[in-house]
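Shown next, in structure tokens, is the structure this report addresses.
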Amino acid sequence: MPVVTSLEAELQHLRHRLRPGQREIADWQGGELAVSAVPGSGKSTGMAVAAAIVIARHQLNARRYLVVVTFTRSAAANIKGKIRANLRQLGLPPAGFMVNTLHGLAWAIARSHPNRSAFATDATLITPTRSHRLIRTAVEQWIGANPRHYQQLLEGRQFDGEETERLRRQSVLRTEVLPELASTVIREAKSSGLEPEQLRQMSGLADDYGVLAIAAGLYENYQAQLTQQNLIDYDDMILAALTVLEDATLRELWQRQVFAVFEDEAQDSSPLQTRLLECLATDPDRPEQRHLVRVGDPNQAINSTFTPADPLYFREFCQRCRANQRLATMTQAGRSTPRVMAAANFLLELVNQRWQANQGEKPFQIQQIEPVEAGDPQPNANPAAWGAGVELVTPEDIYQSVAAIGARAIALWQQNPTSNMAVLVRENKQGEFVARELRRLYPEMQIYEVGQRDRQSHVPSELLTLLNFVDRPHSPEYLKAALTTLMERRRIPSQDLNALVPFPEQFLYPSPLDPPLTEAATQARRFCTSLLHAHLELSPQQLIAFLALALGYDQSELATADKLSDRLAQQTAGDTTLTAILNALGEIVATEQFEPIDTDNPEERYTRPGQLTIITMHKAKGLDWDVVFLPFLLETLIPGSQWVPPARRFLGDFTLAEITRAQLRAYLHQTPPPRDATAAWERAKNLKTAEEYRLLYVAMTRAKRLLWMAAEHKAPFTWNKPDNLEERRPCPVFIPLQQQLG
């Protein structure tokens, strides 16, 4: 009895460290519970304490355990460490729970029953991107099997039959439009549990191209390749786990092992993932009962434009739980100074007020961030503001803005040397620009550009792209891929590549009778021919080092290229031909089995004291800094606009991928489908606008003591050319926010 009393006292001590909302998770006794939480409210802290209390009170162990799932591996490691620390404080062993990502959990279920899950445990995992070889093959197979349908796409809205234009359109369709459509529909359909045949049976909109039929064919070809080559993607993991759980005996086996399921970041789950968690959380003795706690924030849903996740699903779960009085809210947040919270609350209300009824569901759920109460049990809650707490400025241009960031950061470090700071940008090109300018202006500043590390992971694919080109320079596909890489690396000027690639020989070695090239195209041609000349003079191993230098790699990227070169030498021992290297490198890229040189924990790297981290808004989710700088808050970026590249406008003023996505979302949400392509495109625009504002909300709420925001008067049209400045209008919420905060 004394041991029980002592343990109960420790459990109560743990509980008293929690805030309202967090305590409701700790007090959970079973059934479904939705927890809608604001940024900085301590979701993972509350969940970790609640998990420890559940494990202790129900004496969970290796045979009967709690399943905790979250969105990323780093988040899983973080919450696992917190649960272990709480159990240690209670004097209990670190057992009775499993922490995993959704895909990790699915893989554990599938590999436990390989005969039932329908794929071999030695299958190779891939991520289907637009440039993946499986996507490209699926496109070529569809074109070969559907010549009339493909001809319809080639003709577009209007076509005069001119040969050069036909070749240009072929290039656009094969390398841009159809790969983008394939990757979009595969991701959206598989994550929602849809088969290719279901796409064909959907009542499509009145478009001229039959995009659902095209999408179904591409999806079908992709799936066939996966089966033939013993490959799986992330959605296959979820589907395989569900296949296992369709077996009544196996389902009961897992359900009797799983005491309950706690899910963090629930707003980011797809319908298929939610179905998996609901199945595991079902009580085998009472199938109508689920022991499921889902914690999330629909206002931080920032993945719905490139994953099937949609805040609608978590909102529906919250509404269902509210009807059963099983909804808890976590509105008190201790991360930020009150002025930062007031700015975020104002953004939320303003965007919702301006949202029109015909734009669909409002971007935000009304949920104010509130400061914690006096005597809050968690340390350093609602820290004092530095400066005004929120500072909004309007520099003349982007260069002046970056200079102001550097000066403000140095001044703050002089007063607070151990503070950490971050510049949050919308896209990696902006991050490159900020890092380059800050290093030029303030060489003494400690800067960490996250995008630079990400680019290192692309070293194998970039080198493969250039090697494919030098091996087969007559291929329009390889030429375009090489030019695209060179343009992205800013080795050649930005230009319309579709005008260059239909006739590779004419572009690379023009005759006196050929039309003259533009200056930008001439520079591109010289760069390409220099690569071909190097191929004639260097061995394949030497060529890799030359290409790395040609791409302008920095020191860490060159180190990654050297590591890759050593790996290729091992894999091609005895055969140093370019063909052998291409095969080995192609396998590395296809199976994603190469990691760049990396020695630190990601979150520690991003938030080091005395460091200015440059990171995208998407990657910043889940992190926080003493000071956050948000430059480039311009209307063209947030909310931005759906843009159809001129090269694709022969199909119409929309993209096939987006109008297909709009049809799939309507089907999944059980709403009337868009009447035509224009209406579908409008829905896609509204979806993007809503998510961009949620992304800004997430970015603003990363700041603890100071939030610095800037809307420049002049900015470039494209960040590939930051010197070409044009007048720009501020983000629509910037001026009202400036007026509100004084």
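Residue names in the structure tokens use chain letters A, B, ... in the order shown, residue numbers from 1 in each chain, and ligand numbers from 1 in the order shown.
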
Review point. Do you know which residues are at most 9 Å from segment 81-88 of chain A counting only C-alpha atoms, after dropping those on the same chain fewer than 4 positions away, and could you put them as JSON, numbers by chain?
Key: {"A": [14, 44, 45, 47, 48, 49, 50, 51, 52, 53, 55, 56, 76, 77, 92, 93, 94, 95, 97]}

Now that the selection is made, can you save its residues with N, CA and C atoms as a PDB file, in the first residue's frame?
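Printed below is again-v6.pdb as written:
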ATOM      1  N   LEU A  14       3.095  15.040 -11.197  1.00  0.00           N
ATOM      2  CA  LEU A  14       3.239  15.202 -12.649  1.00  0.00           C
ATOM      3  C   LEU A  14       2.058  15.981 -13.225  1.00  0.00           C
ATOM      4  N   SER A  44       3.137  18.302 -26.992  1.00  0.00           N
ATOM      5  CA  SER A  44       3.957  17.109 -26.750  1.00  0.00           C
ATOM      6  C   SER A  44       4.241  16.930 -25.264  1.00  0.00           C
ATOM      7  N   THR A  45       4.397  18.039 -24.527  1.00  0.00           N
ATOM      8  CA  THR A  45       4.610  17.932 -23.082  1.00  0.00           C
ATOM      9  C   THR A  45       3.396  17.308 -22.409  1.00  0.00           C
ATOM     10  N   MET A  47       1.092  15.443 -23.795  1.00  0.00           N
ATOM     11  CA  MET A  47       0.914  14.066 -24.232  1.00  0.00           C
ATOM     12  C   MET A  47       1.904  13.138 -23.538  1.00  0.00           C
ATOM     13  N   ALA A  48       3.143  13.598 -23.335  1.00  0.00           N
ATOM     14  CA  ALA A  48       4.156  12.768 -22.693  1.00  0.00           C
ATOM     15  C   ALA A  48       3.803  12.491 -21.231  1.00  0.00           C
ATOM     16  N   VAL A  49       3.300  13.501 -20.537  1.00  0.00           N
ATOM     17  CA  VAL A  49       2.888  13.300 -19.143  1.00  0.00           C
ATOM     18  C   VAL A  49       1.681  12.362 -19.094  1.00  0.00           C
ATOM     19  N   ALA A  50       0.700  12.603 -19.975  1.00  0.00           N
ATOM     20  CA  ALA A  50      -0.491  11.750 -20.006  1.00  0.00           C
ATOM     21  C   ALA A  50      -0.118  10.310 -20.306  1.00  0.00           C
ATOM     22  N   ALA A  51       0.830  10.107 -21.222  1.00  0.00           N
ATOM     23  CA  ALA A  51       1.261   8.750 -21.565  1.00  0.00           C
ATOM     24  C   ALA A  51       1.873   8.062 -20.348  1.00  0.00           C
ATOM     25  N   ALA A  52       2.730   8.776 -19.613  1.00  0.00           N
ATOM     26  CA  ALA A  52       3.359   8.186 -18.428  1.00  0.00           C
ATOM     27  C   ALA A  52       2.310   7.820 -17.374  1.00  0.00           C
ATOM     28  N   ILE A  53       1.317   8.679 -17.189  1.00  0.00           N
ATOM     29  CA  ILE A  53       0.262   8.407 -16.206  1.00  0.00           C
ATOM     30  C   ILE A  53      -0.550   7.178 -16.613  1.00  0.00           C
ATOM     31  N   ILE A  55       0.441   4.677 -18.548  1.00  0.00           N
ATOM     32  CA  ILE A  55       1.303   3.489 -18.412  1.00  0.00           C
ATOM     33  C   ILE A  55       1.373   3.048 -16.952  1.00  0.00           C
ATOM     34  N   ALA A  56       1.522   4.033 -16.044  1.00  0.00           N
ATOM     35  CA  ALA A  56       1.641   3.697 -14.620  1.00  0.00           C
ATOM     36  C   ALA A  56       0.339   3.150 -14.062  1.00  0.00           C
ATOM     37  N   ALA A  76       9.022  12.228 -33.066  1.00  0.00           N
ATOM     38  CA  ALA A  76       8.870  10.953 -32.368  1.00  0.00           C
ATOM     39  C   ALA A  76       9.990  10.761 -31.350  1.00  0.00           C
ATOM     40  N   ALA A  77      11.226  11.090 -31.745  1.00  0.00           N
ATOM     41  CA  ALA A  77      12.351  10.963 -30.815  1.00  0.00           C
ATOM     42  C   ALA A  77      12.184  11.900 -29.625  1.00  0.00           C
ATOM     43  N   LEU A  92       9.677   4.024 -12.694  1.00  0.00           N
ATOM     44  CA  LEU A  92       9.200   2.906 -13.517  1.00  0.00           C
ATOM     45  C   LEU A  92      10.151   2.665 -14.680  1.00  0.00           C
ATOM     46  N   PRO A  93      10.213   1.423 -15.183  1.00  0.00           N
ATOM     47  CA  PRO A  93      11.069   1.135 -16.338  1.00  0.00           C
ATOM     48  C   PRO A  93      10.502   1.778 -17.599  1.00  0.00           C
ATOM     49  N   PRO A  94      11.365   2.046 -18.582  1.00  0.00           N
ATOM     50  CA  PRO A  94      10.905   2.674 -19.841  1.00  0.00           C
ATOM     51  C   PRO A  94      10.236   1.655 -20.749  1.00  0.00           C
ATOM     52  N   ALA A  95       9.086   1.164 -20.333  1.00  0.00           N
ATOM     53  CA  ALA A  95       8.381   0.118 -21.092  1.00  0.00           C
ATOM     54  C   ALA A  95       6.892   0.426 -21.091  1.00  0.00           C
ATOM     55  N   PHE A  97       5.086   1.214 -23.841  1.00  0.00           N
ATOM     56  CA  PHE A  97       4.665   2.164 -24.879  1.00  0.00           C
ATOM     57  C   PHE A  97       5.523   1.990 -26.121  1.00  0.00           C
TER      58      PHE A  97
END

**Study point:** alpha helix (DSSP H) call set, DSSP backbone run, segment 436-640 of chain A, as a VMD selection string
**Key:** chain A and resid 436 to 441 450 to 456 459 to 471 476 to 488 504 to 508 519 to 537 540 to 550 555 to 571 578 to 591 602 to 606 617 to 620

Residues just named, written with C-alpha atoms as a compact mmCIF listing (two decimals), in the first residue's frame:
# COMPACT_ATOMS: atom_id res chain seq x y z
CA ARG A 436 24.80 35.16 -49.39
CA GLU A 437 24.08 38.81 -48.56
CA LEU A 438 24.49 38.39 -44.81
CA ARG A 439 27.84 36.63 -45.26
CA ARG A 440 28.97 39.47 -47.51
CA LEU A 441 27.81 42.23 -45.15
CA VAL A 450 19.19 24.84 -43.70
CA GLY A 451 18.56 24.75 -47.45
CA GLN A 452 22.26 24.31 -48.05
CA ARG A 453 22.18 20.96 -46.23
CA ASP A 454 19.06 19.96 -48.15
CA ARG A 455 20.81 20.72 -51.42
CA GLN A 456 23.60 18.33 -50.45
CA VAL A 459 24.08 15.92 -55.08
CA PRO A 460 23.61 12.36 -56.44
CA SER A 461 20.59 13.27 -58.58
CA GLU A 462 22.22 16.43 -59.94
CA LEU A 463 25.38 14.57 -60.90
CA LEU A 464 23.32 11.78 -62.47
CA THR A 465 21.45 14.37 -64.53
CA LEU A 466 24.67 15.83 -65.96
CA LEU A 467 26.25 12.41 -66.51
CA ASN A 468 23.18 11.26 -68.43
CA PHE A 469 23.51 14.34 -70.60
CA VAL A 470 27.20 13.90 -71.41
CA ASP A 471 26.53 10.23 -72.17
CA PRO A 476 15.96 16.12 -75.67
CA GLU A 477 14.91 14.77 -72.27
CA TYR A 478 18.46 14.60 -70.91
CA LEU A 479 19.34 17.98 -72.40
CA LYS A 480 16.36 19.64 -70.76
CA ALA A 481 17.08 17.99 -67.41
CA ALA A 482 20.71 19.17 -67.54
CA LEU A 483 19.72 22.73 -68.49
CA THR A 484 17.14 22.78 -65.71
CA THR A 485 19.75 21.75 -63.14
CA LEU A 486 22.24 24.31 -64.41
CA MET A 487 19.60 27.02 -64.30
CA GLU A 488 18.52 26.10 -60.77
CA PRO A 504 19.67 19.10 -79.42
CA GLU A 505 22.19 18.94 -82.30
CA GLN A 506 21.08 22.30 -83.63
CA PHE A 507 21.30 23.86 -80.16
CA LEU A 508 24.71 22.39 -79.25
CA GLU A 519 22.63 35.71 -75.43
CA ALA A 520 21.18 33.58 -72.61
CA ALA A 521 20.91 30.54 -74.91
CA THR A 522 24.46 31.11 -76.15
CA GLN A 523 25.77 31.03 -72.58
CA ALA A 524 23.84 27.81 -71.97
CA ARG A 525 25.25 26.25 -75.14
CA ARG A 526 28.84 27.15 -74.18
CA PHE A 527 28.39 25.59 -70.75
CA CYS A 528 26.94 22.39 -72.20
CA THR A 529 29.64 21.99 -74.83
CA SER A 530 32.32 22.51 -72.15
CA LEU A 531 30.81 19.53 -70.29
CA LEU A 532 30.92 17.43 -73.46
CA HIS A 533 34.54 18.44 -74.07
CA ALA A 534 35.45 17.39 -70.51
CA HIS A 535 33.82 14.02 -71.13
CA LEU A 536 36.26 13.43 -74.00
CA GLU A 537 39.34 14.32 -71.95
CA PRO A 540 34.57 8.81 -65.61
CA GLN A 541 35.87 9.14 -62.01
CA GLN A 542 37.58 12.44 -62.81
CA LEU A 543 34.45 13.60 -64.60
CA ILE A 544 32.40 13.42 -61.37
CA ALA A 545 34.81 15.80 -59.61
CA PHE A 546 34.78 18.11 -62.63
CA LEU A 547 30.96 18.22 -62.71
CA ALA A 548 30.83 18.97 -58.98
CA LEU A 549 33.09 21.97 -59.56
CA ALA A 550 31.11 22.98 -62.65
CA GLN A 555 32.89 22.89 -49.47
CA SER A 556 30.28 20.66 -47.83
CA GLU A 557 28.69 19.78 -51.17
CA LEU A 558 32.10 18.90 -52.58
CA ALA A 559 32.70 16.67 -49.56
CA THR A 560 29.39 14.94 -50.27
CA ALA A 561 30.40 14.51 -53.94
CA ASP A 562 33.71 12.96 -52.83
CA LYS A 563 31.84 10.56 -50.54
CA LEU A 564 29.58 9.63 -53.45
CA SER A 565 32.58 9.10 -55.73
CA ASP A 566 34.12 6.69 -53.22
CA ARG A 567 30.83 4.83 -52.96
CA LEU A 568 30.63 4.48 -56.74
CA ALA A 569 34.23 3.24 -56.92
CA GLN A 570 33.33 0.45 -54.48
CA GLN A 571 30.17 -0.51 -56.35
CA LEU A 578 30.65 5.49 -67.69
CA THR A 579 27.88 2.95 -68.29
CA ALA A 580 28.73 1.11 -65.07
CA ILE A 581 28.86 4.37 -63.10
CA LEU A 582 25.53 5.49 -64.55
CA ASN A 583 23.91 2.20 -63.56
CA ALA A 584 25.28 2.36 -60.01
CA LEU A 585 24.43 6.03 -59.57
CA GLY A 586 20.98 5.46 -61.05
CA GLU A 587 20.33 2.76 -58.46
CA ILE A 588 21.47 5.03 -55.62
CA VAL A 589 19.19 7.84 -56.75
CA ALA A 590 16.23 5.53 -57.45
CA THR A 591 16.41 3.78 -54.09
CA PRO A 602 18.74 18.57 -36.74
CA GLU A 603 16.86 20.48 -34.06
CA GLU A 604 20.07 21.29 -32.18
CA ARG A 605 21.60 22.59 -35.41
CA TYR A 606 18.60 24.80 -36.09
CA MET A 617 8.49 28.43 -43.10
CA HIS A 618 7.47 24.82 -43.68
CA LYS A 619 10.59 23.40 -42.02
CA ALA A 620 10.24 25.82 -39.10

Review point. Counting only C-alpha atoms, what is within 7 Å of Glu449 of chain A, bar same-chain residues fewer than 4 positions away, as a ChimeraX atom specification?
Key: /A:435,613-615

Practice item. Run DSSP on the backbone of this structure and report the residues of segment 396-596 of chain A it assigns to strand (DSSP E or B), as a list in words. Key: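 Of segment 396-596 of chain A, only Asp397, Met421, Ala422, Val423, Leu424, Val425, Ile447, Tyr448 and Glu449 of chain A fall in strand (DSSP E or B).
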
Just to be explicit: take each residue in the selection above, keep N, CA and C atoms, and write the result as a PDB file, in the first residue's frame.
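Listing of part-v1.pdb after writing:
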ATOM      1  N   ASP A 397      14.026  47.963 -50.588  1.00  0.00           N
ATOM      2  CA  ASP A 397      14.138  46.774 -51.433  1.00  0.00           C
ATOM      3  C   ASP A 397      14.670  45.610 -50.608  1.00  0.00           C
ATOM      4  N   MET A 421      18.277  32.974 -33.095  1.00  0.00           N
ATOM      5  CA  MET A 421      17.439  33.741 -34.017  1.00  0.00           C
ATOM      6  C   MET A 421      17.281  32.973 -35.319  1.00  0.00           C
ATOM      7  N   ALA A 422      16.250  33.347 -36.089  1.00  0.00           N
ATOM      8  CA  ALA A 422      16.013  32.684 -37.373  1.00  0.00           C
ATOM      9  C   ALA A 422      15.406  33.653 -38.367  1.00  0.00           C
ATOM     10  N   VAL A 423      15.767  33.465 -39.618  1.00  0.00           N
ATOM     11  CA  VAL A 423      15.097  34.140 -40.739  1.00  0.00           C
ATOM     12  C   VAL A 423      14.254  33.080 -41.425  1.00  0.00           C
ATOM     13  N   LEU A 424      12.951  33.301 -41.481  1.00  0.00           N
ATOM     14  CA  LEU A 424      12.032  32.351 -42.105  1.00  0.00           C
ATOM     15  C   LEU A 424      11.658  32.871 -43.485  1.00  0.00           C
ATOM     16  N   VAL A 425      11.851  32.055 -44.508  1.00  0.00           N
ATOM     17  CA  VAL A 425      11.581  32.450 -45.885  1.00  0.00           C
ATOM     18  C   VAL A 425      10.558  31.501 -46.495  1.00  0.00           C
ATOM     19  N   ILE A 447      26.071  31.904 -39.204  1.00  0.00           N
ATOM     20  CA  ILE A 447      24.868  31.666 -40.010  1.00  0.00           C
ATOM     21  C   ILE A 447      24.772  30.180 -40.341  1.00  0.00           C
ATOM     22  N   TYR A 448      23.563  29.654 -40.228  1.00  0.00           N
ATOM     23  CA  TYR A 448      23.320  28.275 -40.662  1.00  0.00           C
ATOM     24  C   TYR A 448      22.146  28.285 -41.633  1.00  0.00           C
ATOM     25  N   GLU A 449      22.439  27.970 -42.894  1.00  0.00           N
ATOM     26  CA  GLU A 449      21.395  27.935 -43.917  1.00  0.00           C
ATOM     27  C   GLU A 449      20.934  26.484 -44.089  1.00  0.00           C
TER      28      GLU A 449
END

Exercise for review: List the neighbours of Leu199 of chain A out to 8 Å using only C-alpha atoms; skip same-chain residues closer than 2 positions along the sequence, and give me the result as an NGL selection string.
Suggested key: :A and (194-197 or 201-202 or 212-213 or 215-216)

Practice item. Might you pull out every residue within 12 Å of Gln29 of chain A, with only C-alpha atoms counted and same-chain residues fewer than 6 positions away left off, and present them as a VMD selection string? Key: chain A and resid 50 to 51 53 to 55 57 to 58 259 to 260 290 to 293 326

Could you please take those selected residues and save N, CA and C atoms as a PDB file, in the first residue's frame?
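part_16.pdb, freshly written:
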ATOM      1  N   ALA A  50       0.700  12.603 -19.975  1.00  0.00           N
ATOM      2  CA  ALA A  50      -0.491  11.750 -20.006  1.00  0.00           C
ATOM      3  C   ALA A  50      -0.118  10.310 -20.306  1.00  0.00           C
ATOM      4  N   ALA A  51       0.830  10.107 -21.222  1.00  0.00           N
ATOM      5  CA  ALA A  51       1.261   8.750 -21.565  1.00  0.00           C
ATOM      6  C   ALA A  51       1.873   8.062 -20.348  1.00  0.00           C
ATOM      7  N   ILE A  53       1.317   8.679 -17.189  1.00  0.00           N
ATOM      8  CA  ILE A  53       0.262   8.407 -16.206  1.00  0.00           C
ATOM      9  C   ILE A  53      -0.550   7.178 -16.613  1.00  0.00           C
ATOM     10  N   VAL A  54      -0.894   7.079 -17.906  1.00  0.00           N
ATOM     11  CA  VAL A  54      -1.651   5.920 -18.393  1.00  0.00           C
ATOM     12  C   VAL A  54      -0.841   4.641 -18.214  1.00  0.00           C
ATOM     13  N   ILE A  55       0.441   4.677 -18.548  1.00  0.00           N
ATOM     14  CA  ILE A  55       1.303   3.489 -18.412  1.00  0.00           C
ATOM     15  C   ILE A  55       1.373   3.048 -16.952  1.00  0.00           C
ATOM     16  N   ARG A  57      -0.770   3.801 -14.340  1.00  0.00           N
ATOM     17  CA  ARG A  57      -2.041   3.410 -13.723  1.00  0.00           C
ATOM     18  C   ARG A  57      -2.562   2.081 -14.257  1.00  0.00           C
ATOM     19  N   HIS A  58      -2.262   1.790 -15.498  1.00  0.00           N
ATOM     20  CA  HIS A  58      -2.797   0.559 -16.085  1.00  0.00           C
ATOM     21  C   HIS A  58      -1.744  -0.536 -16.193  1.00  0.00           C
ATOM     22  N   PHE A 259      -3.294  -0.932 -26.083  1.00  0.00           N
ATOM     23  CA  PHE A 259      -4.216  -0.447 -25.059  1.00  0.00           C
ATOM     24  C   PHE A 259      -4.979   0.778 -25.566  1.00  0.00           C
ATOM     25  N   ALA A 260      -4.276   1.702 -26.215  1.00  0.00           N
ATOM     26  CA  ALA A 260      -4.882   2.918 -26.748  1.00  0.00           C
ATOM     27  C   ALA A 260      -3.906   3.539 -27.730  1.00  0.00           C
ATOM     28  N   ARG A 290     -13.687   3.115 -29.291  1.00  0.00           N
ATOM     29  CA  ARG A 290     -12.287   3.328 -29.662  1.00  0.00           C
ATOM     30  C   ARG A 290     -11.583   4.070 -28.535  1.00  0.00           C
ATOM     31  N   HIS A 291     -10.371   3.652 -28.214  1.00  0.00           N
ATOM     32  CA  HIS A 291      -9.554   4.337 -27.218  1.00  0.00           C
ATOM     33  C   HIS A 291      -8.512   5.158 -27.989  1.00  0.00           C
ATOM     34  N   LEU A 292      -8.914   6.354 -28.356  1.00  0.00           N
ATOM     35  CA  LEU A 292      -8.135   7.173 -29.289  1.00  0.00           C
ATOM     36  C   LEU A 292      -8.110   8.621 -28.821  1.00  0.00           C
ATOM     37  N   VAL A 293      -6.914   9.154 -28.631  1.00  0.00           N
ATOM     38  CA  VAL A 293      -6.727  10.567 -28.287  1.00  0.00           C
ATOM     39  C   VAL A 293      -5.989  11.225 -29.448  1.00  0.00           C
ATOM     40  N   ARG A 326     -16.531  15.329 -25.599  1.00  0.00           N
ATOM     41  CA  ARG A 326     -15.204  14.720 -25.526  1.00  0.00           C
ATOM     42  C   ARG A 326     -14.183  15.581 -26.262  1.00  0.00           C
TER      43      ARG A 326
END

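Nearest residue to Gln332 of chain A among A:Val733, A:Val38, A:Val139, A:Leu312 is A:Val38, counting only C-alpha atoms.
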
Check your understanding: Can you list, as a list of chain:residue names, every protein, DNA or RNA residue that comes within 10 Å of Phe314 of chain A when you count only C-alpha atoms, leaving out same-chain residues fewer than 3 positions away?
Key ->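 So, after excluding close chain neighbours, the residues are A:Ala34, A:Val35, A:Ser36, A:Glu265, A:Ala266, A:Gln267, A:Asp268, A:Ser269, A:Ser270, A:Pro271, A:Thr274, A:Arg294, A:Val295, A:Gly296, A:Asp297, A:Pro298, A:Ala301, A:Ala309, A:Asp310, A:Pro311, A:Phe317, A:Cys318, A:Gln319, A:Arg320.
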
Using the selection just defined, write its residues with N, CA and C atoms as an mmCIF file, in the first residue's frame.
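See again_7.cif below for the written result:
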data_model
loop_
_atom_site.group_PDB
_atom_site.id
_atom_site.type_symbol
_atom_site.label_atom_id
_atom_site.label_comp_id
_atom_site.auth_asym_id
_atom_site.auth_seq_id
_atom_site.Cartn_x
_atom_site.Cartn_y
_atom_site.Cartn_z
ATOM 1 N N ALA A 34 -10.751 14.442 -28.470
ATOM 2 C CA ALA A 34 -10.101 15.383 -29.389
ATOM 3 C C ALA A 34 -9.535 16.530 -28.567
ATOM 4 N N VAL A 35 -8.324 16.941 -28.894
ATOM 5 C CA VAL A 35 -7.690 18.072 -28.214
ATOM 6 C C VAL A 35 -7.256 19.060 -29.283
ATOM 7 N N SER A 36 -7.917 20.205 -29.301
ATOM 8 C CA SER A 36 -7.585 21.250 -30.270
ATOM 9 C C SER A 36 -6.675 22.257 -29.568
ATOM 10 N N GLU A 265 -0.093 15.966 -33.768
ATOM 11 C CA GLU A 265 -0.170 16.593 -35.103
ATOM 12 C C GLU A 265 -1.252 15.933 -35.952
ATOM 13 N N ALA A 266 -2.408 15.730 -35.361
ATOM 14 C CA ALA A 266 -3.481 14.994 -36.039
ATOM 15 C C ALA A 266 -4.006 15.718 -37.268
ATOM 16 N N GLN A 267 -3.796 17.028 -37.351
ATOM 17 C CA GLN A 267 -4.292 17.768 -38.510
ATOM 18 C C GLN A 267 -3.554 17.392 -39.792
ATOM 19 N N ASP A 268 -2.416 16.696 -39.668
ATOM 20 C CA ASP A 268 -1.618 16.343 -40.844
ATOM 21 C C ASP A 268 -1.863 14.924 -41.343
ATOM 22 N N SER A 269 -2.821 14.213 -40.763
ATOM 23 C CA SER A 269 -3.083 12.829 -41.171
ATOM 24 C C SER A 269 -3.983 12.774 -42.401
ATOM 25 N N SER A 270 -3.700 11.817 -43.255
ATOM 26 C CA SER A 270 -4.553 11.572 -44.417
ATOM 27 C C SER A 270 -5.697 10.646 -44.011
ATOM 28 N N PRO A 271 -6.748 10.532 -44.831
ATOM 29 C CA PRO A 271 -7.857 9.620 -44.500
ATOM 30 C C PRO A 271 -7.398 8.178 -44.281
ATOM 31 N N THR A 274 -5.683 7.838 -40.882
ATOM 32 C CA THR A 274 -6.671 7.896 -39.812
ATOM 33 C C THR A 274 -7.397 6.565 -39.671
ATOM 34 N N ARG A 294 -6.617 12.219 -30.051
ATOM 35 C CA ARG A 294 -6.008 12.917 -31.188
ATOM 36 C C ARG A 294 -5.792 14.380 -30.804
ATOM 37 N N VAL A 295 -4.538 14.816 -30.897
ATOM 38 C CA VAL A 295 -4.152 16.177 -30.529
ATOM 39 C C VAL A 295 -3.644 16.887 -31.782
ATOM 40 N N GLY A 296 -4.160 18.062 -32.041
ATOM 41 C CA GLY A 296 -3.712 18.789 -33.223
ATOM 42 C C GLY A 296 -4.191 20.217 -33.213
ATOM 43 N N ASP A 297 -3.851 20.930 -34.278
ATOM 44 C CA ASP A 297 -4.262 22.322 -34.447
ATOM 45 C C ASP A 297 -4.617 22.532 -35.917
ATOM 46 N N PRO A 298 -5.913 22.613 -36.236
ATOM 47 C CA PRO A 298 -6.286 22.790 -37.648
ATOM 48 C C PRO A 298 -5.731 24.071 -38.250
ATOM 49 N N ALA A 301 -2.379 23.501 -40.157
ATOM 50 C CA ALA A 301 -2.372 22.558 -41.277
ATOM 51 C C ALA A 301 -1.741 23.242 -42.487
ATOM 52 N N ALA A 309 -3.459 15.476 -46.816
ATOM 53 C CA ALA A 309 -3.913 15.967 -45.517
ATOM 54 C C ALA A 309 -4.774 17.215 -45.717
ATOM 55 N N ASP A 310 -5.813 17.338 -44.904
ATOM 56 C CA ASP A 310 -6.706 18.481 -45.010
ATOM 57 C C ASP A 310 -7.242 18.780 -43.616
ATOM 58 N N PRO A 311 -7.218 20.041 -43.181
ATOM 59 C CA PRO A 311 -7.719 20.357 -41.833
ATOM 60 C C PRO A 311 -9.173 19.966 -41.627
ATOM 61 N N PHE A 317 -13.498 15.487 -36.767
ATOM 62 C CA PHE A 317 -13.299 14.667 -35.574
ATOM 63 C C PHE A 317 -13.587 15.483 -34.311
ATOM 64 N N CYS A 318 -13.122 16.726 -34.295
ATOM 65 C CA CYS A 318 -13.381 17.603 -33.146
ATOM 66 C C CYS A 318 -14.881 17.848 -32.971
ATOM 67 N N GLN A 319 -15.588 18.052 -34.073
ATOM 68 C CA GLN A 319 -17.028 18.292 -33.989
ATOM 69 C C GLN A 319 -17.749 17.057 -33.443
ATOM 70 N N ARG A 320 -17.317 15.870 -33.883
ATOM 71 C CA ARG A 320 -17.927 14.640 -33.385
ATOM 72 C C ARG A 320 -17.688 14.482 -31.883
#

Point to revise | All residues 10 Å or closer to Asp496 of chain A, only C-alpha atoms, same chain fewer than 2 positions away omitted, as a PyMOL selection string | key: chain A and resi 484+493-494+498-501+520-521+645-647

Check your understanding: What gap, in Å, lies between atom CA of Leu623 of chain A and atom CA of His713 of chain A?
Key ->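 These atoms are spaced 29.6 Å apart.
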
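Nearest-residue note for Pro371 of chain A: choosing from A:Ala342, A:Asn720, A:Tyr399, A:Leu181, the minimum distance belongs to A:Ala342, counting only C-alpha atoms.
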
Each residue of segment 234-331 of chain A with at least one atom at most 8 Å from segment 687-702 of chain A should appear once, together with its nearest atom pair and the corresponding distance in Å (one decimal); atoms considered: only C-alpha atoms; ordering: chain, then increasing residue number; output as a tab-separated table.
residue	atom	partner	partner_atom	distance
A:Asn299	CA	A:Arg694	CA	6.0
A:Gln300	CA	A:Arg694	CA	6.0
A:Ala301	CA	A:Arg694	CA	6.8
A:Ile302	CA	A:Glu691	CA	5.7
A:Asn303	CA	A:Glu691	CA	7.8
A:Ser304	CA	A:Glu691	CA	7.3
A:Thr305	CA	A:Lys688	CA	6.4
